[in-house]
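Read the structure below first, then the notes.
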Amino acid sequence: MPKHRWLVALGACVSVLWMGNSPVRSQAVLPLRRDFDQAQMEQQGLMLIEDAIQLSRFQQYEWAIPRAKLATQLVPERFEAWYILGTLLVQERELDAGIQALTTAKRLNPRESGVHSILGSAYFQQGDYEGALRSLKTASQLGDNSIETLFDLGNTQYKLKQYDAAIATYNQAVALDATFWPGINNIGLIQYEQGKVDAAIDSWQKAIALDPTAAEPQLAVAVATYTKGDRAKGLELTRTALDLDGRYGEIDFLVENLWGEKLIQATQAVFDTPTVQAFFTELDRRAFQPEMEP
């Protein structure tokens, strides 16, 4: 899955308002002072927004979020404050609060595509796929056709079983970056659910060619190979894939990564074999085995 570059977009947005790159200030967030005039509050609010963005780039969210919250108090009519706060809260999976902040940002600036994009991601994580679809389509219409937004939109269309639309959206993302294997991988997921097993295998093989270390398409090929009748080869490929990333041995993790019902059912059959069960035991033993002293 691609990582969102929300903070990059936020930084560009704020730089238009606040010229220059001020260093992150290390002092604690100051309380509101009654003697602040409007200009001082505006300046302090923008400084806090910039601080929050810079702190977020170092994943110091425990410092960034309070600054963003205070910025919304100092400059409550600036959409940027609500934008950064909502983004940070979604990043931390505080989805309800994040959506509330982003909704305020959208009210203040309905034409900021990034707000709609992040809202779409938040709705998707909540399982509100219709809400995600509306937000992501709006983001696209407003000019945000980044790989991340297109991938989120494709995933949403896939969850709504809008398969042809999802494939077209994934292909848009791949057209932006021919090495974007997650888009190709997810086309394979759709093709498998459609019963197009050979086409799915072909898509997954293309994804593997782009990134030989990607466990997901390798496991998908392994399961499809086993299901088609070459069980020995399928089990061998399963071991190889799980050696790369053991997380894919968890059905819940596969569901989280949008594996469909047909592929999950086939995968469970592979995982239930004595060969794979023995390999799971081996993986567990490796995980708990203490490292050898050099």
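Residue numbers start at 1 in each chain; chains themselves are named A, B, ... in the order of the structure tokens; ligands are numbered from 1 in the order shown.
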
Could you list, as an NGL selection string, every residue within 7 Å of region 135-142 of chain A, counting only C-alpha atoms and ignoring same-chain residues fewer than 4 positions away? :A and (111 or 113-114 or 116-117 or 119-120 or 131 or 149 or 153)

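Shell of Val255 (chain A) at 12 Å, with only C-alpha atoms counted and residues fewer than 4 places along the chain excluded, is Lys159, Leu189, Glu216, Arg247, Tyr248, Gly249, Glu250, Ile251, Trp259, Gly260, Glu261, Lys262, Leu263, Ile264, Gln265, Thr267 and Gln268 of chain A.
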
Suppose we keep N, CA and C atoms; can you now write the selection as a short mmCIF file (atom, residue, chain, number, x, y, z; two decimals), in the first residue's frame?
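Writing done, so here's result20.cif:
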```
data_model
loop_
_atom_site.label_atom_id
_atom_site.label_comp_id
_atom_site.auth_asym_id
_atom_site.auth_seq_id
_atom_site.Cartn_x
_atom_site.Cartn_y
_atom_site.Cartn_z
N LYS A 159 -14.49 -2.03 -3.17
CA LYS A 159 -15.33 -2.44 -2.03
C LYS A 159 -16.82 -2.32 -2.37
N LEU A 189 -6.60 -8.83 -7.73
CA LEU A 189 -7.60 -9.21 -6.73
C LEU A 189 -9.01 -9.17 -7.32
N GLU A 216 2.76 -9.95 -0.96
CA GLU A 216 1.33 -10.10 -1.26
C GLU A 216 1.06 -10.75 -2.61
N ARG A 247 3.19 -11.60 8.12
CA ARG A 247 1.88 -11.02 8.40
C ARG A 247 0.82 -11.56 7.45
N TYR A 248 1.24 -11.94 6.24
CA TYR A 248 0.28 -12.44 5.26
C TYR A 248 -0.22 -13.84 5.60
N GLY A 249 0.27 -14.41 6.68
CA GLY A 249 -0.25 -15.67 7.17
C GLY A 249 -1.49 -15.49 8.04
N GLU A 250 -1.91 -14.25 8.26
CA GLU A 250 -3.10 -13.95 9.06
C GLU A 250 -4.25 -13.57 8.13
N ILE A 251 -5.35 -14.31 8.23
CA ILE A 251 -6.50 -14.03 7.38
C ILE A 251 -7.01 -12.61 7.58
N TRP A 259 -8.37 -8.54 0.21
CA TRP A 259 -8.56 -9.82 -0.45
C TRP A 259 -10.04 -10.17 -0.39
N GLY A 260 -10.59 -10.57 -1.54
CA GLY A 260 -12.02 -10.85 -1.65
C GLY A 260 -12.40 -12.23 -1.11
N GLU A 261 -13.69 -12.47 -1.08
CA GLU A 261 -14.22 -13.70 -0.47
C GLU A 261 -13.69 -14.96 -1.15
N LYS A 262 -13.67 -14.97 -2.46
CA LYS A 262 -13.21 -16.18 -3.17
C LYS A 262 -11.74 -16.45 -2.88
N LEU A 263 -10.93 -15.41 -2.89
CA LEU A 263 -9.50 -15.60 -2.66
C LEU A 263 -9.24 -15.96 -1.20
N ILE A 264 -10.00 -15.38 -0.28
CA ILE A 264 -9.85 -15.73 1.14
C ILE A 264 -10.21 -17.20 1.35
N GLN A 265 -11.29 -17.66 0.75
CA GLN A 265 -11.69 -19.06 0.89
C GLN A 265 -10.60 -19.99 0.37
N THR A 267 -7.43 -19.27 0.08
CA THR A 267 -6.26 -19.12 0.94
C THR A 267 -6.41 -19.93 2.22
N GLN A 268 -7.60 -19.92 2.78
CA GLN A 268 -7.83 -20.69 4.01
C GLN A 268 -7.59 -22.17 3.77
#
```

Test item: residues at most 8 Å from Ala68 (chain A), only C-alpha atoms, excluding those fewer than 2 positions along its chain, as a PyMOL selection string: chain A and resi 48-49+52+64-66+70-72+81-82+84-85

Backbone DSSP call of alpha helix (DSSP H) for region 74-268 of chain A, listed as an MDAnalysis selection string: chainID A and resid 74 79:91 95:108 113:126 129:141 147:159 163:176 181:193 197:210 215:227 231:244 251:256 261:268

Write to file, as a compact mmCIF listing (two decimals), in the first residue's frame, the residues of the selection just made, with C-alpha atoms.
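The resulting file, out-v6.txt, is shown below:
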```txt
# COMPACT_ATOMS: atom_id res chain seq x y z
CA LEU A 74 -6.15 31.05 17.83
CA PHE A 79 -9.04 26.26 7.26
CA GLU A 80 -5.34 25.34 7.44
CA ALA A 81 -5.54 24.86 11.21
CA TRP A 82 -8.45 22.44 10.93
CA TYR A 83 -6.82 20.78 7.91
CA ILE A 84 -3.61 19.91 9.77
CA LEU A 85 -5.49 18.87 12.91
CA GLY A 86 -7.83 16.60 10.97
CA THR A 87 -4.95 15.08 9.03
CA LEU A 88 -3.01 14.32 12.19
CA LEU A 89 -6.02 12.77 13.90
CA VAL A 90 -6.74 10.54 10.90
CA GLN A 91 -3.06 9.60 10.82
CA LEU A 95 -11.31 8.95 12.91
CA ASP A 96 -14.41 10.57 14.40
CA ALA A 97 -12.47 13.58 15.69
CA GLY A 98 -10.48 13.75 12.47
CA ILE A 99 -13.60 13.79 10.32
CA GLN A 100 -15.12 16.50 12.50
CA ALA A 101 -12.03 18.71 12.08
CA LEU A 102 -11.82 18.06 8.34
CA THR A 103 -15.51 18.83 7.91
CA THR A 104 -14.84 22.24 9.45
CA ALA A 105 -11.89 22.72 7.08
CA LYS A 106 -14.15 21.79 4.15
CA ARG A 107 -16.76 24.32 5.23
CA LEU A 108 -14.10 27.05 5.39
CA SER A 113 -8.85 19.08 -2.80
CA GLY A 114 -6.60 17.70 -0.08
CA VAL A 115 -9.32 18.03 2.55
CA HIS A 116 -11.66 15.89 0.46
CA SER A 117 -8.93 13.34 -0.18
CA ILE A 118 -8.16 12.84 3.51
CA LEU A 119 -11.86 12.80 4.35
CA GLY A 120 -12.25 10.02 1.78
CA SER A 121 -9.51 8.00 3.43
CA ALA A 122 -11.09 8.51 6.86
CA TYR A 123 -14.53 7.44 5.64
CA PHE A 124 -12.97 4.38 3.97
CA GLN A 125 -11.29 3.37 7.23
CA GLN A 126 -14.66 3.69 8.97
CA TYR A 129 -17.62 3.51 1.36
CA GLU A 130 -20.36 5.72 -0.09
CA GLY A 131 -19.02 8.67 1.89
CA ALA A 132 -15.48 7.81 0.80
CA LEU A 133 -16.56 7.64 -2.83
CA ARG A 134 -18.17 11.10 -2.72
CA SER A 135 -15.15 12.69 -1.06
CA LEU A 136 -12.56 11.06 -3.29
CA LYS A 137 -14.45 11.86 -6.48
CA THR A 138 -14.68 15.48 -5.34
CA ALA A 139 -10.94 15.51 -4.62
CA SER A 140 -10.27 14.21 -8.13
CA GLN A 141 -12.62 16.75 -9.72
CA ILE A 147 -1.39 8.11 -6.99
CA GLU A 148 -2.54 7.99 -3.37
CA THR A 149 -5.94 9.51 -4.07
CA LEU A 150 -6.49 7.37 -7.16
CA PHE A 151 -5.51 4.26 -5.22
CA ASP A 152 -7.95 5.14 -2.43
CA LEU A 153 -10.66 5.77 -5.02
CA GLY A 154 -9.95 2.46 -6.76
CA ASN A 155 -10.09 0.63 -3.43
CA THR A 156 -13.42 2.29 -2.63
CA GLN A 157 -14.89 1.34 -5.99
CA TYR A 158 -13.62 -2.20 -5.45
CA LYS A 159 -15.33 -2.44 -2.03
CA TYR A 163 -15.15 -3.56 -10.61
CA ASP A 164 -14.79 -1.98 -14.05
CA ALA A 165 -14.51 1.50 -12.56
CA ALA A 166 -11.96 0.28 -10.00
CA ILE A 167 -9.76 -1.31 -12.65
CA ALA A 168 -9.88 1.89 -14.72
CA THR A 169 -8.89 3.94 -11.66
CA TYR A 170 -6.02 1.60 -10.76
CA ASN A 171 -4.80 1.87 -14.35
CA GLN A 172 -4.83 5.66 -14.01
CA ALA A 173 -2.58 5.34 -10.97
CA VAL A 174 -0.23 2.97 -12.80
CA ALA A 175 -0.12 5.37 -15.75
CA LEU A 176 1.35 7.97 -13.37
CA TRP A 181 2.81 -2.50 -8.17
CA PRO A 182 -0.03 -2.17 -5.58
CA GLY A 183 -2.37 -0.94 -8.32
CA ILE A 184 -1.51 -3.88 -10.55
CA ASN A 185 -1.80 -6.24 -7.59
CA ASN A 186 -5.31 -5.01 -6.79
CA ILE A 187 -6.39 -5.43 -10.39
CA GLY A 188 -5.44 -9.08 -9.87
CA LEU A 189 -7.60 -9.21 -6.73
CA ILE A 190 -10.61 -8.04 -8.73
CA GLN A 191 -9.91 -10.42 -11.60
CA TYR A 192 -9.81 -13.36 -9.20
CA GLU A 193 -13.19 -12.39 -7.73
CA VAL A 197 -7.90 -16.70 -12.50
CA ASP A 198 -5.33 -16.74 -15.32
CA ALA A 199 -5.67 -12.98 -15.81
CA ALA A 200 -5.25 -12.50 -12.06
CA ILE A 201 -2.08 -14.59 -12.03
CA ASP A 202 -0.73 -12.55 -14.93
CA SER A 203 -1.39 -9.29 -13.03
CA TRP A 204 0.28 -10.63 -9.89
CA GLN A 205 3.29 -11.82 -11.88
CA LYS A 206 3.65 -8.30 -13.28
CA ALA A 207 3.55 -6.93 -9.73
CA ILE A 208 6.23 -9.41 -8.64
CA ALA A 209 8.44 -8.40 -11.58
CA LEU A 210 8.23 -4.79 -10.37
CA ALA A 215 4.97 -10.83 -0.42
CA GLU A 216 1.33 -10.10 -1.26
CA PRO A 217 1.32 -10.90 -5.00
CA GLN A 218 3.59 -13.88 -4.37
CA LEU A 219 1.14 -15.37 -1.89
CA ALA A 220 -1.75 -14.67 -4.26
CA VAL A 221 0.06 -16.54 -7.07
CA ALA A 222 0.79 -19.38 -4.64
CA VAL A 223 -2.88 -19.73 -3.68
CA ALA A 224 -4.06 -19.55 -7.29
CA THR A 225 -1.46 -22.12 -8.34
CA TYR A 226 -2.56 -24.49 -5.58
CA THR A 227 -6.22 -24.01 -6.45
CA ARG A 231 -0.48 -28.24 -5.13
CA ALA A 232 3.20 -28.94 -4.58
CA LYS A 233 4.22 -25.79 -6.43
CA GLY A 234 1.53 -23.77 -4.66
CA LEU A 235 2.75 -24.87 -1.23
CA GLU A 236 6.35 -24.12 -2.16
CA LEU A 237 5.39 -20.62 -3.31
CA THR A 238 3.33 -20.11 -0.14
CA ARG A 239 6.37 -20.81 2.00
CA THR A 240 8.45 -18.38 -0.04
CA ALA A 241 5.84 -15.62 0.30
CA LEU A 242 5.39 -16.07 4.05
CA ASP A 243 9.17 -16.11 4.51
CA LEU A 244 9.16 -12.61 3.02
CA ILE A 251 -6.50 -14.03 7.38
CA ASP A 252 -7.52 -10.79 9.09
CA PHE A 253 -4.48 -9.07 7.58
CA LEU A 254 -5.47 -10.31 4.12
CA VAL A 255 -9.01 -9.00 4.57
CA GLU A 256 -7.54 -5.66 5.64
CA GLU A 261 -14.22 -13.70 -0.47
CA LYS A 262 -13.21 -16.18 -3.17
CA LEU A 263 -9.50 -15.60 -2.66
CA ILE A 264 -9.85 -15.73 1.14
CA GLN A 265 -11.69 -19.06 0.89
CA ALA A 266 -8.98 -20.48 -1.35
CA THR A 267 -6.26 -19.12 0.94
CA GLN A 268 -7.83 -20.69 4.01
```

What gap, in Å, lies between CA of Gln44 (chain A) and CA of Arg78 (chain A)?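 These atoms are spaced 12.5 Å apart.
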
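Between CA of Ala278 (chain A) and CA of Pro212 (chain A) the interatomic distance comes to 24.9 Å.
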
Between A:Arg285, A:Gln194, A:Val75, A:Gln162, single out the one closest to Ala39 (chain A), counting only C-alpha atoms.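 Ranked by minimum distance to Ala39 (chain A), first place goes to A:Val75.
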